[in-house]
$ cat query31.txt   # compact mmCIF, C-alpha atoms
# COMPACT_ATOMS: atom_id res chain seq x y z
CA MET Y 1 -9.35 -23.48 0.58
CA ASN Y 2 -6.68 -21.22 -0.92
CA ILE Y 3 -5.97 -17.55 -0.31
CA ASP Y 4 -5.74 -14.89 -3.02
CA VAL Y 5 -3.31 -11.98 -2.67
CA LEU Y 6 -3.75 -8.44 -3.96
CA LEU Y 7 -0.81 -6.04 -3.90
CA GLY Y 8 0.74 -3.00 -5.57
CA LEU Y 9 3.49 -3.33 -8.17
CA GLN Y 10 4.91 0.20 -8.16
CA TRP Y 11 5.79 2.69 -5.39
CA GLY Y 12 2.37 2.49 -3.76
CA ASP Y 13 -0.71 4.62 -4.48
CA GLU Y 14 -1.74 2.26 -7.29
CA GLY Y 15 -5.42 2.14 -6.32
CA LYS Y 16 -5.49 -1.06 -4.29
CA GLY Y 17 -8.27 0.18 -2.01
CA LYS Y 18 -10.71 0.62 -4.86
CA ILE Y 19 -10.03 -2.85 -6.26
CA VAL Y 20 -10.34 -4.56 -2.87
CA ASP Y 21 -13.67 -2.76 -2.46
CA VAL Y 22 -14.78 -3.95 -5.93
CA LEU Y 23 -13.68 -7.56 -5.30
CA THR Y 24 -14.99 -7.93 -1.74
CA ARG Y 25 -18.38 -9.15 -2.97
CA ASP Y 26 -16.56 -12.36 -4.01
CA TYR Y 27 -14.83 -12.95 -0.64
CA ASP Y 28 -15.77 -13.81 2.94
CA ILE Y 29 -12.66 -12.35 4.58
CA ILE Y 30 -10.37 -9.43 3.68
CA ALA Y 31 -7.07 -9.69 5.56
CA ARG Y 32 -4.51 -6.86 5.61
CA PHE Y 33 -1.01 -8.34 5.97
CA GLN Y 34 1.58 -5.55 6.39
CA GLY Y 35 2.22 -1.83 6.72
CA GLY Y 36 0.46 0.61 8.99
CA PRO Y 37 -1.23 4.01 8.92
CA ASN Y 38 1.32 5.20 6.36
CA ALA Y 39 -1.06 3.58 3.86
CA GLY Y 40 -3.96 5.53 2.38
CA HIS Y 41 -6.48 3.38 0.55
CA THR Y 42 -9.12 5.56 -1.11
CA LEU Y 43 -12.61 4.26 -1.90
CA GLU Y 44 -15.34 6.15 -3.75
CA PHE Y 45 -18.95 5.08 -4.17
CA GLU Y 46 -22.39 6.64 -4.09
CA GLY Y 47 -20.88 10.11 -4.31
CA LEU Y 48 -18.80 9.69 -1.14
CA LYS Y 49 -15.02 9.40 -0.69
CA HIS Y 50 -13.44 7.35 2.09
CA VAL Y 51 -9.74 7.03 3.01
CA LEU Y 52 -8.65 4.02 5.09
CA HIS Y 53 -5.22 3.82 6.69
CA THR Y 54 -5.11 0.58 8.69
CA ILE Y 55 -8.55 -0.98 8.36
CA PRO Y 56 -8.93 -3.36 5.38
CA SER Y 57 -10.73 -1.97 2.33
CA GLY Y 58 -13.61 -4.43 2.42
CA ILE Y 59 -15.10 -2.89 5.54
CA PHE Y 60 -18.05 -1.24 3.75
CA HIS Y 61 -19.41 -4.62 2.61
CA THR Y 62 -21.65 -6.39 5.11
CA ASN Y 63 -20.80 -9.83 3.69
CA ALA Y 64 -17.13 -9.82 4.70
CA VAL Y 65 -15.06 -9.98 7.88
CA ASN Y 66 -12.06 -7.61 7.83
CA LEU Y 67 -8.92 -8.77 9.62
CA VAL Y 68 -5.87 -6.71 10.55
CA GLY Y 69 -3.09 -9.30 10.45
CA ASN Y 70 -0.02 -9.83 12.58
CA GLY Y 71 2.27 -8.18 10.01
CA VAL Y 72 0.55 -4.82 10.43
CA VAL Y 73 1.66 -2.11 12.86
CA VAL Y 74 -1.21 -0.26 14.54
CA ASP Y 75 -1.48 3.22 16.04
CA PRO Y 76 -4.50 3.06 18.39
CA VAL Y 77 -5.15 6.81 18.06
CA ILE Y 78 -5.37 6.72 14.26
CA PHE Y 79 -7.23 3.41 14.37
CA MET Y 80 -9.96 4.72 16.67
CA LYS Y 81 -10.36 7.81 14.49
CA GLU Y 82 -10.99 5.45 11.58
CA ILE Y 83 -13.51 3.56 13.70
CA ASP Y 84 -15.34 6.78 14.54
CA ALA Y 85 -15.51 7.75 10.86
CA LEU Y 86 -16.83 4.30 9.96
CA THR Y 87 -19.50 4.17 12.63
CA ALA Y 88 -20.80 7.56 11.50
CA ILE Y 89 -21.63 5.81 8.21
CA ASP Y 90 -22.38 2.29 9.44
CA ALA Y 91 -22.70 1.58 13.15
CA SER Y 92 -22.26 -2.16 12.55
CA ALA Y 93 -18.86 -1.82 10.81
CA PRO Y 94 -16.75 -2.58 13.94
CA ASP Y 95 -18.63 -5.87 14.31
CA ARG Y 96 -17.03 -6.99 11.03
CA LEU Y 97 -13.51 -6.09 12.17
CA MET Y 98 -10.86 -8.22 13.90
CA ILE Y 99 -7.31 -7.36 14.96
CA SER Y 100 -4.49 -9.84 15.43
CA ARG Y 101 -3.03 -10.01 18.94
CA LYS Y 102 0.39 -10.42 17.29
CA ALA Y 103 0.21 -7.08 15.45
CA HIS Y 104 2.65 -4.54 16.88
CA LEU Y 105 1.64 -1.21 18.40
CA ILE Y 106 2.99 2.17 17.35
CA LEU Y 107 3.79 4.18 20.47
CA PRO Y 108 3.84 8.00 20.65
CA SER Y 109 7.60 7.79 21.22
CA HIS Y 110 7.94 5.83 17.95
CA ARG Y 111 6.53 8.86 16.13
CA LEU Y 112 9.02 11.16 17.85
CA LEU Y 113 11.88 8.81 16.96
CA ASP Y 114 10.70 8.79 13.35
CA ALA Y 115 10.78 12.59 13.23
CA ALA Y 116 14.18 12.77 14.96
CA SER Y 117 15.72 10.20 12.63
CA GLU Y 118 14.40 11.88 9.49
CA LEU Y 119 15.58 15.30 10.68
CA ALA Y 120 19.05 13.94 11.38
CA LYS Y 121 19.36 12.59 7.82
CA GLY Y 122 19.14 16.08 6.33
CA LYS Y 123 19.42 15.92 2.54
CA LEU Y 124 19.56 12.12 2.73
CA LYS Y 125 16.08 11.80 4.24
CA ILE Y 126 13.99 8.95 2.81
CA GLY Y 127 10.63 10.74 2.77
CA SER Y 128 9.09 9.05 5.81
CA THR Y 129 5.40 9.69 6.51
CA LEU Y 130 6.49 10.31 10.16
CA LYS Y 131 3.84 7.91 11.46
CA GLY Y 132 6.34 5.92 13.51
CA ILE Y 133 6.30 2.93 11.16
CA GLY Y 134 10.07 2.43 10.82
CA PRO Y 135 10.91 2.64 14.54
CA THR Y 136 8.05 0.25 15.34
CA TYR Y 137 9.33 -2.38 12.90
CA MET Y 138 12.84 -1.83 14.31
CA ASP Y 139 11.57 -2.65 17.79
CA LYS Y 140 9.73 -5.66 16.36
CA THR Y 141 12.88 -7.12 14.79
CA GLY Y 142 14.93 -6.02 17.81
CA ARG Y 143 12.56 -8.03 20.04
CA ASN Y 144 11.58 -5.00 22.07
CA GLY Y 145 8.13 -4.33 20.61
CA ILE Y 146 4.74 -4.18 22.27
CA ARG Y 147 2.01 -6.20 20.59
CA VAL Y 148 -1.75 -5.81 20.60
CA GLY Y 149 -2.13 -8.82 22.90
CA ASP Y 150 0.05 -7.14 25.54
CA ILE Y 151 -2.65 -4.57 26.32
CA GLU Y 152 -4.77 -7.41 27.74
CA GLN Y 153 -2.02 -8.46 30.16
CA PRO Y 154 -1.26 -7.20 33.69
CA TYR Y 155 2.35 -6.37 32.76
CA PHE Y 156 1.35 -3.96 29.97
CA GLU Y 157 2.07 -0.64 31.69
CA GLU Y 158 5.43 -1.82 33.01
CA LYS Y 159 6.47 -3.09 29.59
CA TYR Y 160 5.29 0.15 28.00
CA ARG Y 161 7.32 2.29 30.42
CA GLN Y 162 10.48 0.23 29.92
CA LEU Y 163 10.32 0.68 26.16
CA VAL Y 164 9.53 4.39 26.33
CA ASP Y 165 12.48 4.93 28.67
CA LYS Y 166 14.73 3.40 26.00
CA HIS Y 167 13.18 5.68 23.40
CA LEU Y 168 13.78 8.75 25.55
CA GLN Y 169 17.46 7.89 25.77
CA LEU Y 170 17.62 7.70 21.99
CA LEU Y 171 15.79 11.00 21.63
CA ASP Y 172 18.29 12.61 24.02
CA ASN Y 173 21.11 11.31 21.83
CA TYR Y 174 19.47 12.99 18.84
CA GLY Y 175 19.05 16.20 20.87
CA PHE Y 176 15.35 16.06 19.99
CA ASP Y 177 12.73 17.92 22.03
CA SER Y 178 10.41 15.29 23.56
CA SER Y 179 8.41 17.68 25.76
CA GLU Y 180 5.17 16.90 23.93
CA LEU Y 181 5.35 13.21 24.83
CA PRO Y 182 3.19 13.35 28.01
CA GLU Y 183 0.25 14.84 26.13
CA LEU Y 184 0.70 12.38 23.26
CA GLU Y 185 0.75 9.54 25.79
CA ARG Y 186 -2.46 10.72 27.42
CA VAL Y 187 -4.30 10.66 24.10
CA TRP Y 188 -2.71 7.32 23.20
CA MET Y 189 -3.70 5.64 26.46
CA ASP Y 190 -7.27 6.86 26.07
CA ALA Y 191 -7.33 5.28 22.61
CA VAL Y 192 -5.90 2.03 24.00
CA GLU Y 193 -8.78 1.83 26.49
CA ARG Y 194 -11.25 1.95 23.60
CA PHE Y 195 -9.09 -0.33 21.43
CA ARG Y 196 -9.26 -3.10 24.08
CA LYS Y 197 -13.01 -3.40 23.46
CA LEU Y 198 -12.56 -4.37 19.80
CA GLN Y 199 -12.37 -7.98 18.62
CA LEU Y 200 -8.78 -9.03 19.34
CA VAL Y 201 -8.05 -12.51 17.99
CA ASP Y 202 -5.38 -15.16 17.51
CA SER Y 203 -5.47 -14.41 13.81
CA GLU Y 204 -3.49 -17.32 12.39
CA HIS Y 205 -5.76 -19.80 14.22
CA TYR Y 206 -8.82 -17.91 13.00
CA LEU Y 207 -7.65 -17.93 9.38
CA HIS Y 208 -6.78 -21.63 9.39
CA THR Y 209 -10.18 -22.42 10.88
CA GLN Y 210 -11.88 -20.38 8.16
CA MET Y 211 -9.78 -22.00 5.44
CA ARG Y 212 -10.91 -25.43 6.61
CA ALA Y 213 -14.48 -24.11 6.46
CA LYS Y 214 -13.89 -23.26 2.76
CA LYS Y 215 -14.17 -19.51 3.29
CA ARG Y 216 -12.89 -17.27 0.50
CA ILE Y 217 -10.01 -15.05 1.70
CA LEU Y 218 -8.31 -12.08 0.03
CA ALA Y 219 -5.01 -10.84 1.48
CA GLU Y 220 -4.64 -7.08 1.04
CA GLY Y 221 -1.21 -5.46 0.80
CA ALA Y 222 -0.19 -1.86 1.39
CA GLN Y 223 2.46 0.37 -0.24
CA GLY Y 224 4.01 -1.26 -3.34
CA SER Y 225 6.56 -3.85 -4.42
CA LEU Y 226 9.17 -1.23 -5.33
CA LEU Y 227 9.05 -0.11 -1.68
CA ASP Y 228 9.75 -3.60 -0.33
CA ILE Y 229 12.45 -3.72 2.36
CA ASP Y 230 14.42 -6.33 0.36
CA PHE Y 231 13.48 -5.80 -3.27
CA GLY Y 232 12.57 -2.11 -3.39
CA SER Y 233 14.76 0.91 -4.20
CA TYR Y 234 16.71 0.60 -0.95
CA PRO Y 235 17.18 2.58 1.28
CA PHE Y 236 14.20 4.61 -0.01
CA VAL Y 237 11.76 1.90 0.97
CA THR Y 238 9.24 1.07 3.66
CA SER Y 239 10.05 -1.18 6.64
CA SER Y 240 7.96 -4.24 5.78
CA THR Y 241 7.70 -6.97 3.17
CA THR Y 242 5.28 -5.59 0.58
CA THR Y 243 5.58 -8.52 -1.82
CA ALA Y 244 3.44 -11.68 -1.94
CA ALA Y 245 5.84 -13.34 0.50
CA GLY Y 246 4.67 -10.80 3.09
CA ALA Y 247 1.20 -12.32 2.98
CA CYS Y 248 2.65 -15.55 4.37
CA THR Y 249 4.57 -13.98 7.25
CA GLY Y 250 1.98 -11.24 7.80
CA LEU Y 251 -0.95 -13.64 8.18
CA GLY Y 252 0.60 -16.95 9.14
CA VAL Y 253 -0.33 -18.86 5.99
CA ALA Y 254 1.83 -21.26 4.01
CA PRO Y 255 3.08 -20.41 0.49
CA ASN Y 256 1.26 -23.38 -1.00
CA LYS Y 257 -2.05 -21.90 0.16
CA ILE Y 258 -1.73 -18.90 -2.17
CA LYS Y 259 -3.57 -19.21 -5.48
CA ARG Y 260 -4.26 -15.96 -7.36
CA VAL Y 261 -1.73 -13.14 -7.07
CA ILE Y 262 -3.38 -9.97 -8.34
CA GLY Y 263 -0.99 -7.14 -9.19
CA ILE Y 264 -2.28 -3.56 -9.31
CA PHE Y 265 -0.49 -0.87 -11.33
CA LYS Y 266 -1.21 2.55 -12.76
CA ALA Y 267 -1.18 3.25 -16.49
CA TYR Y 268 1.72 5.58 -15.61
CA CYS Y 269 4.04 5.81 -12.58
CA THR Y 270 4.02 7.93 -9.44
CA ARG Y 271 6.17 8.16 -6.35
CA VAL Y 272 5.91 10.07 -3.07
CA GLY Y 273 9.02 11.20 -1.24
CA SER Y 274 12.68 10.65 -2.05
CA GLY Y 275 14.30 7.90 -4.07
CA PRO Y 276 15.16 7.00 -7.67
CA PHE Y 277 12.44 7.25 -10.32
CA PRO Y 278 13.83 6.33 -13.79
CA THR Y 279 10.87 7.61 -15.85
CA GLU Y 280 10.07 10.75 -13.83
CA LEU Y 281 8.80 13.72 -15.84
CA PHE Y 282 9.79 17.29 -15.03
CA ASP Y 283 7.85 18.92 -17.86
CA GLU Y 284 4.27 19.83 -18.74
CA SER Y 285 3.38 16.15 -19.24
CA GLY Y 286 4.32 15.32 -15.68
CA GLU Y 287 2.35 18.27 -14.36
CA ARG Y 288 -0.67 17.23 -16.45
CA LEU Y 289 -0.56 13.71 -15.01
CA ARG Y 290 -0.38 15.16 -11.51
CA LYS Y 291 -3.27 17.54 -12.07
CA ASP Y 292 -5.57 15.22 -14.03
CA GLY Y 293 -4.81 12.26 -11.75
CA ASN Y 294 -5.16 14.29 -8.55
CA GLU Y 295 -1.80 12.90 -7.55
CA PHE Y 296 -1.53 14.06 -3.98
CA GLY Y 297 -0.97 11.63 -1.11
CA SER Y 298 -4.17 10.55 0.67
CA THR Y 299 -2.17 10.14 3.90
CA THR Y 300 0.34 13.01 3.72
CA GLY Y 301 -1.19 15.35 1.13
CA ARG Y 302 2.21 15.61 -0.56
CA ALA Y 303 2.34 16.07 -4.32
CA ARG Y 304 3.34 12.84 -6.06
CA ARG Y 305 6.15 12.74 -8.59
CA CYS Y 306 4.82 11.52 -11.95
CA GLY Y 307 6.29 9.75 -14.97
CA TRP Y 308 5.64 7.36 -17.83
CA LEU Y 309 5.00 3.66 -17.28
CA ASP Y 310 8.21 1.71 -16.58
CA LEU Y 311 7.80 -1.78 -18.05
CA PRO Y 312 11.12 -3.30 -16.89
CA ALA Y 313 10.24 -2.26 -13.33
CA LEU Y 314 6.71 -3.65 -13.76
CA LYS Y 315 8.02 -6.97 -15.07
CA TYR Y 316 10.47 -7.13 -12.17
CA ALA Y 317 7.58 -6.72 -9.72
CA VAL Y 318 5.53 -9.33 -11.60
CA GLU Y 319 8.37 -11.84 -11.35
CA ILE Y 320 9.23 -11.41 -7.67
CA ASN Y 321 5.55 -11.71 -6.71
CA GLY Y 322 4.52 -14.52 -9.06
CA VAL Y 323 1.68 -12.33 -10.34
CA THR Y 324 -1.03 -14.32 -12.12
CA GLU Y 325 -3.12 -11.39 -13.34
CA LEU Y 326 -2.83 -7.62 -13.63
CA MET Y 327 -5.28 -4.79 -13.07
CA MET Y 328 -4.52 -1.40 -14.59
CA MET Y 329 -5.66 1.77 -12.84
CA LYS Y 330 -6.22 5.37 -13.96
CA ALA Y 331 -6.44 4.80 -17.69
CA ASP Y 332 -8.81 7.79 -17.77
CA VAL Y 333 -6.08 10.16 -16.54
CA MET Y 334 -4.13 9.73 -19.78
CA GLY Y 335 -7.10 10.59 -21.99
CA SER Y 336 -5.70 13.98 -23.03
CA PHE Y 337 -2.40 12.78 -24.51
CA GLU Y 338 -1.87 12.61 -28.28
CA GLN Y 339 1.07 10.28 -27.70
CA ILE Y 340 2.18 8.19 -24.75
CA GLN Y 341 5.70 7.08 -23.99
CA VAL Y 342 6.52 3.74 -22.37
CA CYS Y 343 9.88 2.74 -20.94
CA THR Y 344 11.00 -0.59 -22.43
CA GLY Y 345 14.64 -0.65 -21.32
CA TYR Y 346 17.56 1.33 -19.97
CA THR Y 347 21.07 2.41 -20.78
CA TYR Y 348 23.05 1.39 -17.69
CA HIS Y 349 26.73 2.29 -17.39
CA GLY Y 350 26.73 2.73 -21.17
CA LYS Y 351 25.15 -0.66 -21.95
CA GLU Y 352 21.57 -1.36 -23.07
CA ILE Y 353 19.64 -3.61 -20.66
CA ASP Y 354 15.99 -4.68 -20.35
CA HIS Y 355 15.82 -5.37 -16.60
CA LEU Y 356 15.83 -3.33 -13.41
CA PRO Y 357 19.49 -3.14 -12.26
CA TYR Y 358 20.96 -2.93 -8.76
CA VAL Y 359 21.47 0.83 -8.96
CA THR Y 360 18.73 2.99 -10.48
CA ASP Y 361 20.34 6.35 -9.77
CA PRO Y 362 19.92 8.75 -12.73
CA ASP Y 363 23.69 9.28 -12.80
CA PHE Y 364 24.07 5.69 -14.05
CA LEU Y 365 20.71 4.87 -15.62
CA GLU Y 366 18.86 6.38 -18.58
CA SER Y 367 15.40 5.20 -19.63
CA GLN Y 368 14.71 4.17 -23.22
CA PHE Y 369 11.19 4.78 -24.53
CA GLU Y 370 8.79 3.65 -27.22
CA THR Y 371 6.03 5.99 -28.34
CA LEU Y 372 2.44 4.78 -28.61
CA PRO Y 373 -0.68 6.65 -29.77
CA GLY Y 374 -2.92 8.07 -27.06
CA TRP Y 375 -6.68 7.46 -26.99
CA LYS Y 376 -7.62 11.13 -26.83
CA CYS Y 377 -11.06 10.71 -25.27
CA ASP Y 378 -12.94 10.70 -21.99
CA LEU Y 379 -13.11 7.16 -20.60
CA THR Y 380 -15.02 7.92 -17.41
CA LYS Y 381 -18.43 7.07 -18.91
CA LEU Y 382 -17.21 3.85 -20.52
CA SER Y 383 -19.04 0.79 -19.19
CA ASP Y 384 -18.00 -2.00 -21.57
CA TRP Y 385 -14.47 -2.99 -22.59
CA ASN Y 386 -15.71 -3.83 -26.07
CA ASP Y 387 -16.46 -0.12 -26.56
CA ALA Y 388 -12.99 1.01 -25.48
CA PRO Y 389 -10.92 2.96 -28.05
CA GLN Y 390 -8.51 0.86 -30.07
CA ALA Y 391 -5.50 2.84 -28.83
CA LEU Y 392 -6.30 1.82 -25.25
CA LYS Y 393 -6.73 -1.82 -26.26
CA ASP Y 394 -3.37 -1.64 -28.06
CA TYR Y 395 -1.75 -0.12 -24.97
CA VAL Y 396 -3.07 -3.00 -22.84
CA SER Y 397 -1.87 -5.56 -25.38
CA PHE Y 398 1.58 -3.94 -25.50
CA ILE Y 399 1.91 -4.23 -21.72
CA GLU Y 400 0.64 -7.82 -21.65
CA LYS Y 401 3.12 -8.89 -24.31
CA TYR Y 402 6.04 -7.32 -22.46
CA VAL Y 403 5.32 -8.64 -18.96
CA GLU Y 404 3.74 -11.91 -20.12
CA VAL Y 405 0.79 -11.69 -17.72
CA PRO Y 406 -2.83 -10.90 -18.71
CA ILE Y 407 -4.64 -7.73 -17.67
CA SER Y 408 -8.08 -8.66 -16.35
CA LEU Y 409 -9.41 -5.25 -15.30
CA VAL Y 410 -9.02 -1.60 -16.33
CA SER Y 411 -10.15 1.25 -14.09
CA VAL Y 412 -11.52 4.36 -15.84
CA GLY Y 413 -12.38 6.48 -12.79
CA PRO Y 414 -12.23 6.54 -8.98
CA ASP Y 415 -15.75 5.24 -8.35
CA ARG Y 416 -16.24 1.50 -7.87
CA ALA Y 417 -18.68 1.58 -10.83
CA GLN Y 418 -15.98 2.93 -13.19
CA THR Y 419 -14.40 -0.48 -13.65
CA LEU Y 420 -14.08 -2.50 -16.85
CA ILE Y 421 -13.70 -6.27 -16.87
CA LEU Y 422 -11.74 -7.48 -19.90
CA ASN Y 423 -13.13 -10.34 -21.97
CA SER Y 424 -9.87 -12.24 -21.64

$ encode --input "query31.txt" --output "structure tokens"
Amino acid sequence: MNIDVLLGLQWGDEGKGKIVDVLTRDYDIIARFQGGPNAGHTLEFEGLKHVLHTIPSGIFHTNAVNLVGNGVVVDPVIFMKEIDALTAIDASAPDRLMISRKAHLILPSHRLLDAASELAKGKLKIGSTLKGIGPTYMDKTGRNGIRVGDIEQPYFEEKYRQLVDKHLQLLDNYGFDSSELPELERVWMDAVERFRKLQLVDSEHYLHTQMRAKKRILAEGAQGSLLDIDFGSYPFVTSSTTTAAGACTGLGVAPNKIKRVIGIFKAYCTRVGSGPFPTELFDESGERLRKDGNEFGSTTGRARRCGWLDLPALKYAVEINGVTELMMMKADVMGSFEQIQVCTGYTYHGKEIDHLPYVTDPDFLESQFETLPGWKCDLTKLSDWNDAPQALKDYVSFIEKYVEVPISLVSVGPDRAQTLILNS
């Protein structure tokens, strides 16, 4: 049996959580393959809003197992808070949850290192969520990390202390106040005691067993392709592989086992934190997108930067992921615009180009736009794609023609019911 992959094609916040929730009825296993609690996947149904940070977005469906894969980094404190919030709604939810023993743990000292590093960068800061993600991945690649499976071993506390001692030396070099660490450690160790009681598994063996049993598996990504450590707007990126390739290394599955690659994107663009943003708006249109789209980070609460849809960047993400189908989010947010602009190319060092170049700094790059008519109506009550306004259908067709991949779904509101399946 093959695995399908669902991931974001912009700078994160595309609405992946909602779509995973919508699609889970068709899958037996939802497997998160990278990132950590810097993610914020928002789900809305039955009048309630839920934000998940590490736990896969299929957790509210009783038909599916939810697996946290080896490519994820886990903060036990945040994770157990998520568990508590889940059990208040559904006491059986933890029974549907598994965590890979090869996933790495975020230590309290990782969070302090994150803060110290970001502070030291000054004006060059990358906009970290300060959750300790970067330092944890650094320890992983530096072969110093502590993994989930280590908490089951007798050497755990010794290994923990050795790593924290290294972190304290680094914090001293930064001149960073680490006096709060003992209290953070106390809370963290209490969470670890509870975390040990969850279902910890050898996840790659589990997935291969389930694949042989013909189970349907959806790999869920976090952040977005333009934040990928290799192919994103470096150095303003996250610390993991957010592209489809990350599903292979983050779950232990072979490339030839991947079938559908579902790319999620917004009808416009947003970005949180620092970094280049070729189509960013600084006018009333950008403020309207932010207000109407409630564009504030579900993890950090920070206001998102907003801009028009960037088609060269979208096509770039489609190509590096091998996307087989697209799903467009937040079409309803643009319902008040008479006209909509779409970036179809750039002027780069004085030359016109139609692809995302190496440097996307505004000093060298200027976006070129085409203007399309807006749909000027409320889409939130729309239940059938056939009844959609022609301007919206034309917008979808324009995007499909440019990126050469079909759009199979359009979201017209945050609730799982506000989802339109296209006839194509």

$ closest_residue --input "query31.txt" --among "Y:Asp228, Y:Asp415, Y:Glu82, Y:Asp13" --to "Leu43 (chain Y)" --atoms "only C-alpha atoms"
Y:Asp415

$ atom_distance --input "query31.txt" --atom1 "CA of Val20 (chain Y)" --atom2 "CA of Leu105 (chain Y)"
24.6 Å

$ residues_around --input "query31.txt" --residues "Ile89 (chain Y)" --least-positions-apart "4" --cutoff "12 Å" --atoms "all atoms listed in the file" --output "list in words"
Leu48, Lys49, His50, Ile59, Phe60, Glu82, Ile83, Asp84, Ala85, Ala93 and Pro94 of chain Y

$ closest_residue --input "query31.txt" --among "Y:Gly122, Y:Gly221, Y:Pro108, Y:Pro235" --to "Trp188 (chain Y)" --atoms "only C-alpha atoms"
Y:Pro108

$ atom_distance --input "query31.txt" --atom1 "CA of Lys159 (chain Y)" --atom2 "CA of Val72 (chain Y)"
20.1 Å

$ residues_around --input "query31.txt" --residues "Leu372 (chain Y)" --least-positions-apart "3" --cutoff "12 Å" --atoms "all atoms listed in the file" --output "compact mmCIF listing (two decimals) with C-alpha atoms, in the coordinates of the input"
# COMPACT_ATOMS: atom_id res chain seq x y z
CA TRP Y 308 5.64 7.36 -17.83
CA LEU Y 309 5.00 3.66 -17.28
CA PHE Y 337 -2.40 12.78 -24.51
CA GLU Y 338 -1.87 12.61 -28.28
CA GLN Y 339 1.07 10.28 -27.70
CA ILE Y 340 2.18 8.19 -24.75
CA GLN Y 341 5.70 7.08 -23.99
CA VAL Y 342 6.52 3.74 -22.37
CA CYS Y 343 9.88 2.74 -20.94
CA THR Y 344 11.00 -0.59 -22.43
CA PHE Y 369 11.19 4.78 -24.53
CA TRP Y 375 -6.68 7.46 -26.99
CA GLN Y 390 -8.51 0.86 -30.07
CA ALA Y 391 -5.50 2.84 -28.83
CA LEU Y 392 -6.30 1.82 -25.25
CA LYS Y 393 -6.73 -1.82 -26.26
CA ASP Y 394 -3.37 -1.64 -28.06
CA TYR Y 395 -1.75 -0.12 -24.97
CA VAL Y 396 -3.07 -3.00 -22.84
CA SER Y 397 -1.87 -5.56 -25.38
CA PHE Y 398 1.58 -3.94 -25.50
CA ILE Y 399 1.91 -4.23 -21.72

$ closest_residue --input "query31.txt" --among "Y:Asp177, Y:Glu295, Y:Glu157, Y:Glu404" --to "Glu14 (chain Y)" --atoms "only C-alpha atoms"
Y:Glu295

$ atom_distance --input "query31.txt" --atom1 "CA of Gly58 (chain Y)" --atom2 "CA of Asp26 (chain Y)"
10.6 Å

$ residues_around --input "query31.txt" --residues "region 29-35 of chain Y" --least-positions-apart "4" --cutoff "7 Å" --atoms "all atoms listed in the file" --output "ChimeraX atom specification"
/Y:39,56,58,64-73,216-222,240,242,246-247,250-251

$ write_last_selection --input "query31.txt" --atoms "C-alpha atoms" --output "JSON list (two decimals), keeping the file's coordinate frame"
[["chain", "number", "residue", "atom", "x", "y", "z"],
["Y", 39, "ALA", "CA", -1.06, 3.58, 3.86],
["Y", 56, "PRO", "CA", -8.93, -3.36, 5.38],
["Y", 58, "GLY", "CA", -13.61, -4.43, 2.42],
["Y", 64, "ALA", "CA", -17.13, -9.82, 4.70],
["Y", 65, "VAL", "CA", -15.06, -9.98, 7.88],
["Y", 66, "ASN", "CA", -12.06, -7.61, 7.83],
["Y", 67, "LEU", "CA", -8.92, -8.77, 9.62],
["Y", 68, "VAL", "CA", -5.87, -6.71, 10.55],
["Y", 69, "GLY", "CA", -3.09, -9.30, 10.45],
["Y", 70, "ASN", "CA", -0.02, -9.83, 12.58],
["Y", 71, "GLY", "CA", 2.27, -8.18, 10.01],
["Y", 72, "VAL", "CA", 0.55, -4.82, 10.43],
["Y", 73, "VAL", "CA", 1.66, -2.11, 12.86],
["Y", 216, "ARG", "CA", -12.89, -17.27, 0.50],
["Y", 217, "ILE", "CA", -10.01, -15.05, 1.70],
["Y", 218, "LEU", "CA", -8.31, -12.08, 0.03],
["Y", 219, "ALA", "CA", -5.01, -10.84, 1.48],
["Y", 220, "GLU", "CA", -4.64, -7.08, 1.04],
["Y", 221, "GLY", "CA", -1.21, -5.46, 0.80],
["Y", 222, "ALA", "CA", -0.19, -1.86, 1.39],
["Y", 240, "SER", "CA", 7.96, -4.24, 5.78],
["Y", 242, "THR", "CA", 5.28, -5.59, 0.58],
["Y", 246, "GLY", "CA", 4.67, -10.80, 3.09],
["Y", 247, "ALA", "CA", 1.20, -12.32, 2.98],
["Y", 250, "GLY", "CA", 1.98, -11.24, 7.80],
["Y", 251, "LEU", "CA", -0.95, -13.64, 8.18]]

$ decode --input "query31.txt" --residues "region 165-181 of chain Y" --atoms "C-alpha atoms" --output "PDB file, in the first residue's frame"
ATOM      1  CA  ASP Y 165      25.985  20.867  31.025  1.00  0.00           C
ATOM      2  CA  LYS Y 166      27.075  21.529  27.424  1.00  0.00           C
ATOM      3  CA  HIS Y 167      24.120  23.858  26.972  1.00  0.00           C
ATOM      4  CA  LEU Y 168      24.998  25.790  30.125  1.00  0.00           C
ATOM      5  CA  GLN Y 169      28.490  26.409  28.781  1.00  0.00           C
ATOM      6  CA  LEU Y 170      27.000  27.818  25.603  1.00  0.00           C
ATOM      7  CA  LEU Y 171      24.594  30.000  27.555  1.00  0.00           C
ATOM      8  CA  ASP Y 172      27.519  31.351  29.587  1.00  0.00           C
ATOM      9  CA  ASN Y 173      29.278  32.231  26.332  1.00  0.00           C
ATOM     10  CA  TYR Y 174      26.192  34.190  25.283  1.00  0.00           C
ATOM     11  CA  GLY Y 175      26.098  35.885  28.701  1.00  0.00           C
ATOM     12  CA  PHE Y 176      22.495  34.690  28.994  1.00  0.00           C
ATOM     13  CA  ASP Y 177      20.739  34.415  32.364  1.00  0.00           C
ATOM     14  CA  SER Y 178      19.893  30.720  32.893  1.00  0.00           C
ATOM     15  CA  SER Y 179      18.653  31.064  36.484  1.00  0.00           C
ATOM     16  CA  GLU Y 180      15.151  29.889  35.544  1.00  0.00           C
ATOM     17  CA  LEU Y 181      16.430  26.538  34.299  1.00  0.00           C
TER      18      LEU Y 181
END
